[in-house]
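Next comes target-v1.txt, a file with compact mmCIF, N, CA and C atoms.
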```txt
# COMPACT_ATOMS: atom_id res chain seq x y z
N MET A 844 31.23 29.76 35.77
CA MET A 844 32.35 28.85 35.72
C MET A 844 33.35 29.25 36.79
N PRO A 845 34.03 28.37 37.38
CA PRO A 845 34.23 26.96 37.08
C PRO A 845 33.28 26.04 37.85
N HIS A 846 33.25 24.79 37.37
CA HIS A 846 32.49 23.75 38.04
C HIS A 846 33.47 22.73 38.59
N PHE A 847 33.35 22.43 39.87
CA PHE A 847 34.21 21.50 40.59
C PHE A 847 33.38 20.24 40.85
N ILE A 848 33.73 19.15 40.20
CA ILE A 848 32.92 17.93 40.24
C ILE A 848 33.73 16.80 40.85
N VAL A 849 33.22 16.25 41.95
CA VAL A 849 33.91 15.19 42.68
C VAL A 849 33.12 13.90 42.52
N GLU A 850 33.73 12.93 41.85
CA GLU A 850 33.17 11.57 41.79
C GLU A 850 33.91 10.76 42.85
N TYR A 851 33.17 10.05 43.69
CA TYR A 851 33.81 9.31 44.78
C TYR A 851 33.09 7.98 45.00
N THR A 852 33.85 6.98 45.43
CA THR A 852 33.28 5.67 45.68
C THR A 852 32.45 5.70 46.96
N ASP A 853 31.37 4.95 46.94
CA ASP A 853 30.43 4.98 48.06
C ASP A 853 31.04 4.56 49.40
N ASN A 854 32.13 3.82 49.38
CA ASN A 854 32.72 3.34 50.63
C ASN A 854 33.51 4.39 51.39
N ILE A 855 33.60 5.61 50.88
CA ILE A 855 34.25 6.69 51.63
C ILE A 855 33.32 7.87 51.90
N GLU A 856 32.05 7.69 51.60
CA GLU A 856 31.12 8.83 51.72
C GLU A 856 31.15 9.47 53.10
N SER A 857 31.15 8.66 54.14
CA SER A 857 31.08 9.23 55.50
C SER A 857 32.39 9.89 55.92
N GLU A 858 33.49 9.63 55.22
CA GLU A 858 34.78 10.18 55.59
C GLU A 858 35.32 11.24 54.62
N ALA A 859 34.63 11.46 53.52
CA ALA A 859 35.15 12.36 52.48
C ALA A 859 35.05 13.83 52.85
N ARG A 860 34.14 14.20 53.73
CA ARG A 860 33.99 15.59 54.19
C ARG A 860 33.87 16.57 53.02
N LEU A 861 32.99 16.26 52.10
CA LEU A 861 32.87 17.09 50.90
C LEU A 861 32.41 18.52 51.18
N PRO A 862 31.47 18.77 52.08
CA PRO A 862 31.12 20.17 52.34
C PRO A 862 32.33 21.01 52.77
N GLU A 863 33.21 20.43 53.57
CA GLU A 863 34.43 21.12 53.99
C GLU A 863 35.35 21.36 52.79
N LEU A 864 35.49 20.35 51.95
CA LEU A 864 36.31 20.50 50.75
C LEU A 864 35.75 21.60 49.86
N PHE A 865 34.44 21.60 49.65
CA PHE A 865 33.82 22.61 48.80
C PHE A 865 34.06 24.02 49.35
N GLU A 866 33.98 24.18 50.66
CA GLU A 866 34.22 25.49 51.26
C GLU A 866 35.66 25.93 50.98
N GLN A 867 36.61 25.02 51.12
CA GLN A 867 38.01 25.35 50.86
C GLN A 867 38.22 25.70 49.38
N VAL A 868 37.61 24.92 48.50
CA VAL A 868 37.76 25.14 47.05
C VAL A 868 37.19 26.49 46.65
N HIS A 869 36.00 26.82 47.14
CA HIS A 869 35.38 28.10 46.79
C HIS A 869 36.24 29.26 47.31
N GLY A 870 36.79 29.10 48.50
CA GLY A 870 37.67 30.13 49.04
C GLY A 870 38.92 30.30 48.18
N TYR A 871 39.52 29.18 47.79
CA TYR A 871 40.74 29.22 46.97
C TYR A 871 40.46 29.82 45.59
N LEU A 872 39.43 29.31 44.92
CA LEU A 872 39.14 29.80 43.57
C LEU A 872 38.70 31.26 43.59
N GLY A 873 37.89 31.62 44.57
CA GLY A 873 37.44 33.00 44.67
C GLY A 873 38.58 33.96 44.94
N ALA A 874 39.52 33.55 45.78
CA ALA A 874 40.66 34.40 46.13
C ALA A 874 41.72 34.45 45.03
N SER A 875 41.64 33.52 44.08
CA SER A 875 42.65 33.46 43.02
C SER A 875 42.61 34.68 42.10
N GLY A 876 41.46 35.34 42.03
CA GLY A 876 41.31 36.47 41.12
C GLY A 876 41.10 36.04 39.68
N VAL A 877 41.03 34.73 39.45
CA VAL A 877 40.89 34.20 38.10
C VAL A 877 39.43 33.94 37.75
N PHE A 878 38.61 33.64 38.76
CA PHE A 878 37.22 33.27 38.52
C PHE A 878 36.28 34.13 39.36
N PRO A 879 35.16 34.54 38.79
CA PRO A 879 34.17 35.27 39.59
C PRO A 879 33.46 34.33 40.56
N LEU A 880 33.29 34.76 41.79
CA LEU A 880 32.68 33.93 42.83
C LEU A 880 31.30 33.42 42.42
N GLY A 881 30.53 34.25 41.73
CA GLY A 881 29.17 33.87 41.36
C GLY A 881 29.07 32.72 40.38
N GLY A 882 30.17 32.35 39.75
CA GLY A 882 30.15 31.25 38.80
C GLY A 882 30.68 29.94 39.34
N ILE A 883 31.22 29.96 40.55
CA ILE A 883 31.84 28.74 41.11
C ILE A 883 30.75 27.82 41.65
N ARG A 884 30.79 26.58 41.21
CA ARG A 884 29.82 25.57 41.66
C ARG A 884 30.56 24.29 41.98
N SER A 885 30.12 23.61 43.02
CA SER A 885 30.71 22.32 43.40
C SER A 885 29.61 21.29 43.57
N ARG A 886 29.95 20.06 43.24
CA ARG A 886 28.99 18.97 43.45
C ARG A 886 29.73 17.66 43.60
N GLY A 887 29.12 16.78 44.38
CA GLY A 887 29.66 15.45 44.58
C GLY A 887 28.75 14.41 43.95
N LEU A 888 29.36 13.45 43.31
CA LEU A 888 28.61 12.37 42.67
C LEU A 888 29.09 11.05 43.27
N ARG A 889 28.26 10.45 44.11
CA ARG A 889 28.61 9.17 44.73
C ARG A 889 28.45 8.06 43.71
N LEU A 890 29.46 7.21 43.65
CA LEU A 890 29.44 6.09 42.72
C LEU A 890 29.05 4.83 43.48
N ASP A 891 27.87 4.30 43.16
CA ASP A 891 27.38 3.10 43.82
C ASP A 891 27.82 1.83 43.09
N THR A 892 28.09 1.94 41.81
CA THR A 892 28.52 0.80 41.01
C THR A 892 29.87 1.12 40.42
N TRP A 893 30.90 0.39 40.83
CA TRP A 893 32.26 0.66 40.38
C TRP A 893 33.14 -0.54 40.71
N ARG A 894 34.29 -0.56 40.12
CA ARG A 894 35.31 -1.56 40.42
C ARG A 894 36.66 -0.90 40.26
N MET A 895 37.60 -1.34 41.07
CA MET A 895 38.94 -0.79 41.00
C MET A 895 39.95 -1.92 41.09
N ALA A 896 40.97 -1.83 40.24
CA ALA A 896 42.09 -2.79 40.22
C ALA A 896 41.56 -4.22 40.17
N ASP A 897 42.06 -5.09 41.06
CA ASP A 897 41.66 -6.49 41.02
C ASP A 897 40.36 -6.77 41.76
N GLY A 898 39.80 -5.77 42.40
CA GLY A 898 38.54 -5.92 43.12
C GLY A 898 38.65 -6.73 44.40
N GLN A 899 39.84 -7.05 44.82
CA GLN A 899 40.06 -7.95 45.95
C GLN A 899 40.23 -7.25 47.30
N HIS A 900 40.31 -5.93 47.30
CA HIS A 900 40.56 -5.21 48.55
C HIS A 900 39.58 -4.06 48.68
N ASP A 901 39.62 -3.40 49.80
CA ASP A 901 38.72 -2.28 50.05
C ASP A 901 39.30 -1.00 49.44
N TYR A 902 39.39 -1.02 48.13
CA TYR A 902 39.90 0.14 47.40
C TYR A 902 38.88 1.27 47.43
N ALA A 903 39.35 2.46 47.16
CA ALA A 903 38.47 3.62 47.01
C ALA A 903 39.16 4.61 46.09
N PHE A 904 38.34 5.45 45.45
CA PHE A 904 38.95 6.50 44.65
C PHE A 904 38.09 7.75 44.64
N VAL A 905 38.77 8.84 44.34
CA VAL A 905 38.15 10.14 44.14
C VAL A 905 38.69 10.66 42.82
N HIS A 906 37.81 10.98 41.90
CA HIS A 906 38.24 11.63 40.66
C HIS A 906 37.55 12.98 40.59
N ILE A 907 38.36 14.03 40.43
CA ILE A 907 37.83 15.39 40.45
C ILE A 907 38.11 16.06 39.12
N THR A 908 37.10 16.75 38.63
CA THR A 908 37.23 17.54 37.41
C THR A 908 36.89 18.98 37.72
N LEU A 909 37.71 19.88 37.22
CA LEU A 909 37.40 21.30 37.28
C LEU A 909 37.18 21.76 35.86
N LYS A 910 35.96 22.11 35.53
CA LYS A 910 35.63 22.61 34.19
C LYS A 910 35.66 24.12 34.23
N VAL A 911 36.47 24.71 33.35
CA VAL A 911 36.59 26.17 33.33
C VAL A 911 36.23 26.69 31.94
N GLY A 912 35.77 27.93 31.91
CA GLY A 912 35.48 28.57 30.64
C GLY A 912 36.75 28.91 29.89
N ALA A 913 36.65 29.06 28.61
CA ALA A 913 37.80 29.35 27.75
C ALA A 913 38.29 30.78 27.99
N GLY A 914 39.56 31.00 27.64
CA GLY A 914 40.07 32.35 27.63
C GLY A 914 41.24 32.62 28.56
N ARG A 915 41.59 31.65 29.40
CA ARG A 915 42.74 31.85 30.29
C ARG A 915 43.95 31.12 29.72
N ASP A 916 45.11 31.74 29.82
CA ASP A 916 46.30 31.10 29.25
C ASP A 916 46.71 29.88 30.07
N LEU A 917 47.52 29.03 29.46
CA LEU A 917 47.94 27.78 30.08
C LEU A 917 48.66 28.01 31.40
N GLU A 918 49.51 29.00 31.46
CA GLU A 918 50.25 29.27 32.70
C GLU A 918 49.30 29.59 33.86
N THR A 919 48.28 30.38 33.60
CA THR A 919 47.30 30.72 34.63
C THR A 919 46.53 29.49 35.06
N ARG A 920 46.08 28.70 34.08
CA ARG A 920 45.33 27.48 34.41
C ARG A 920 46.19 26.51 35.20
N LYS A 921 47.45 26.36 34.82
CA LYS A 921 48.34 25.44 35.53
C LYS A 921 48.59 25.91 36.96
N GLN A 922 48.77 27.20 37.15
CA GLN A 922 48.98 27.73 38.49
C GLN A 922 47.77 27.43 39.39
N VAL A 923 46.57 27.65 38.87
CA VAL A 923 45.36 27.35 39.63
C VAL A 923 45.26 25.85 39.89
N ALA A 924 45.52 25.04 38.86
CA ALA A 924 45.42 23.59 39.00
C ALA A 924 46.42 23.05 40.01
N ASP A 925 47.65 23.55 39.98
CA ASP A 925 48.67 23.10 40.94
C ASP A 925 48.24 23.39 42.38
N GLY A 926 47.77 24.59 42.61
CA GLY A 926 47.31 24.95 43.95
C GLY A 926 46.10 24.16 44.38
N LEU A 927 45.19 23.94 43.44
CA LEU A 927 43.98 23.19 43.76
C LEU A 927 44.31 21.73 44.07
N PHE A 928 45.22 21.12 43.31
CA PHE A 928 45.60 19.73 43.59
C PHE A 928 46.28 19.62 44.95
N ALA A 929 47.08 20.60 45.32
CA ALA A 929 47.69 20.60 46.64
C ALA A 929 46.61 20.67 47.73
N LEU A 930 45.60 21.50 47.53
CA LEU A 930 44.49 21.61 48.47
C LEU A 930 43.75 20.27 48.57
N ILE A 931 43.48 19.65 47.42
CA ILE A 931 42.75 18.37 47.37
C ILE A 931 43.52 17.28 48.10
N THR A 932 44.80 17.13 47.79
CA THR A 932 45.58 16.06 48.41
C THR A 932 45.73 16.29 49.91
N ALA A 933 45.85 17.55 50.34
CA ALA A 933 45.91 17.83 51.77
C ALA A 933 44.58 17.45 52.44
N HIS A 934 43.48 17.74 51.77
CA HIS A 934 42.16 17.41 52.33
C HIS A 934 42.01 15.91 52.55
N PHE A 935 42.48 15.12 51.62
CA PHE A 935 42.31 13.66 51.70
C PHE A 935 43.50 12.93 52.33
N ALA A 936 44.51 13.67 52.81
CA ALA A 936 45.74 13.04 53.32
C ALA A 936 45.47 12.07 54.47
N ASP A 937 44.68 12.47 55.44
CA ASP A 937 44.41 11.57 56.58
C ASP A 937 43.69 10.31 56.14
N LEU A 938 42.71 10.47 55.28
CA LEU A 938 41.97 9.31 54.78
C LEU A 938 42.89 8.39 53.98
N GLN A 939 43.74 8.96 53.15
CA GLN A 939 44.66 8.15 52.35
C GLN A 939 45.69 7.45 53.22
N ALA A 940 46.03 8.02 54.35
CA ALA A 940 46.97 7.39 55.27
C ALA A 940 46.36 6.17 55.95
N ARG A 941 45.02 6.11 56.03
CA ARG A 941 44.33 5.01 56.71
C ARG A 941 43.83 3.91 55.80
N ARG A 942 43.78 4.18 54.49
CA ARG A 942 43.17 3.19 53.59
C ARG A 942 43.74 3.31 52.19
N LEU A 943 43.40 2.36 51.33
CA LEU A 943 43.78 2.42 49.92
C LEU A 943 42.88 3.44 49.23
N LEU A 944 43.48 4.49 48.71
CA LEU A 944 42.72 5.57 48.10
C LEU A 944 43.51 6.19 46.96
N ALA A 945 42.91 6.19 45.78
CA ALA A 945 43.50 6.85 44.61
C ALA A 945 42.80 8.19 44.42
N ILE A 946 43.61 9.23 44.19
CA ILE A 946 43.09 10.58 43.99
C ILE A 946 43.56 11.06 42.62
N SER A 947 42.63 11.50 41.80
CA SER A 947 43.00 12.06 40.50
C SER A 947 42.23 13.36 40.29
N PHE A 948 42.85 14.23 39.49
CA PHE A 948 42.28 15.55 39.24
C PHE A 948 42.65 15.99 37.84
N GLU A 949 41.69 16.58 37.16
CA GLU A 949 41.96 17.16 35.85
C GLU A 949 41.21 18.48 35.72
N MET A 950 41.81 19.39 35.00
CA MET A 950 41.14 20.64 34.66
C MET A 950 40.85 20.58 33.16
N SER A 951 39.64 20.88 32.79
CA SER A 951 39.31 20.92 31.37
C SER A 951 38.74 22.29 31.02
N GLU A 952 39.10 22.74 29.84
CA GLU A 952 38.64 24.04 29.35
C GLU A 952 37.50 23.81 28.36
N LEU A 953 36.39 24.44 28.61
CA LEU A 953 35.24 24.29 27.74
C LEU A 953 35.40 25.10 26.46
N HIS A 954 34.78 24.66 25.43
CA HIS A 954 34.85 25.33 24.13
C HIS A 954 34.27 26.73 24.25
N ASP A 955 34.95 27.70 23.68
CA ASP A 955 34.51 29.09 23.84
C ASP A 955 33.20 29.40 23.12
N THR A 956 32.86 28.68 22.08
CA THR A 956 31.63 28.95 21.35
C THR A 956 30.48 28.05 21.81
N LEU A 957 30.78 26.80 22.12
CA LEU A 957 29.74 25.82 22.44
C LEU A 957 29.55 25.66 23.95
N ASN A 958 29.63 26.75 24.67
CA ASN A 958 29.45 26.76 26.11
C ASN A 958 28.41 27.83 26.42
N TYR A 959 27.21 27.41 26.75
CA TYR A 959 26.09 28.34 26.94
C TYR A 959 25.84 28.55 28.43
N LYS A 960 25.53 29.79 28.81
CA LYS A 960 25.30 30.12 30.21
C LYS A 960 24.22 31.20 30.33
N GLN A 961 23.49 31.12 31.41
CA GLN A 961 22.58 32.19 31.80
C GLN A 961 22.62 32.20 33.32
N ASN A 962 23.05 33.30 33.93
CA ASN A 962 23.30 33.32 35.36
C ASN A 962 23.00 34.71 35.89
N ASN A 963 22.07 34.80 36.84
CA ASN A 963 21.79 36.09 37.44
C ASN A 963 22.45 36.25 38.81
N VAL A 964 23.28 35.29 39.20
CA VAL A 964 23.96 35.34 40.50
C VAL A 964 25.01 36.44 40.54
N HIS A 965 25.72 36.65 39.43
CA HIS A 965 26.75 37.70 39.40
C HIS A 965 26.14 39.07 39.76
N ALA A 966 25.03 39.41 39.16
CA ALA A 966 24.38 40.70 39.43
C ALA A 966 23.90 40.76 40.88
N PHE A 967 23.37 39.66 41.38
CA PHE A 967 22.92 39.62 42.77
C PHE A 967 24.08 39.88 43.73
N LEU A 968 25.22 39.21 43.52
CA LEU A 968 26.37 39.41 44.39
C LEU A 968 26.91 40.83 44.29
N ALA A 969 26.88 41.41 43.10
CA ALA A 969 27.33 42.79 42.94
C ALA A 969 26.46 43.74 43.76
N ARG A 970 25.15 43.51 43.73
CA ARG A 970 24.24 44.34 44.52
C ARG A 970 24.48 44.14 46.02
N GLN A 971 24.77 42.93 46.43
CA GLN A 971 25.02 42.63 47.86
C GLN A 971 26.28 43.32 48.35
N ASN A 972 27.27 43.42 47.48
CA ASN A 972 28.55 44.02 47.84
C ASN A 972 28.58 45.54 47.67
N ALA A 973 27.51 46.10 47.09
CA ALA A 973 27.47 47.55 46.84
C ALA A 973 27.07 48.33 48.08
```

Using structure tokens, write down the structure that the file contains.
Amino acid sequence: MPHFIVEYTDNIESEARLPELFEQVHGYLGASGVFPLGGIRSRGLRLDTWRMADGQHDYAFVHITLKVGAGRDLETRKQVADGLFALITAHFADLQARRLLAISFEMSELHDTLNYKQNNVHAFLARQNA
């Protein structure tokens, strides 16, 4: 954990620069000291079927969810979320200046008991850094 999930409308795919965004997000989350690097995952989900507002213009949107494991206090989560939203809006600023674009972001905390994981990446990274 965490998982960074970007849903975006198909009409901005060529301009969204998601690999660049993911690199920035992993750097930010990894440097935060709040999340282990081996658990950070990012993915983009292109939306081919969607509608926005009145459907009369070339609208576009990006909705981002950051799913985090339980156990961090609200102040810590808010600090990470505030910084992450600033990073996200800066990333999309040029695109939003050129077109109609709605950007939304939410952080959700997964249930501490009903969240199952099996991950050998943490041990691999520890060995690489040793």

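Take atom CA of A:Phe935 and atom CA of A:Asp897: the distance between them is 22.8 Å.
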
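Closest to A:Thr892 among A:Ser947, A:Ser875, A:Asn854, A:Thr919 is A:Asn854, based on only C-alpha atoms.
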
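Atom pair atom CA of A:Ala936 / atom CA of A:Gly881: separated by 29.2 Å.
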
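The gap separating atom N of A:Pro879 from atom CA of A:Asn972 is 14.7 Å, in Å to one decimal.
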
DSSP alpha helix (DSSP H) residues within stretch 932-968 of chain A, listed as a ChimeraX atom specification: /A:932-941,964-968

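The nearest approach to A:His934 among the residues A:Ile946, A:Ala903, A:Arg894, A:Leu864, with all atoms listed in the file taken into account, belongs to A:Leu864.
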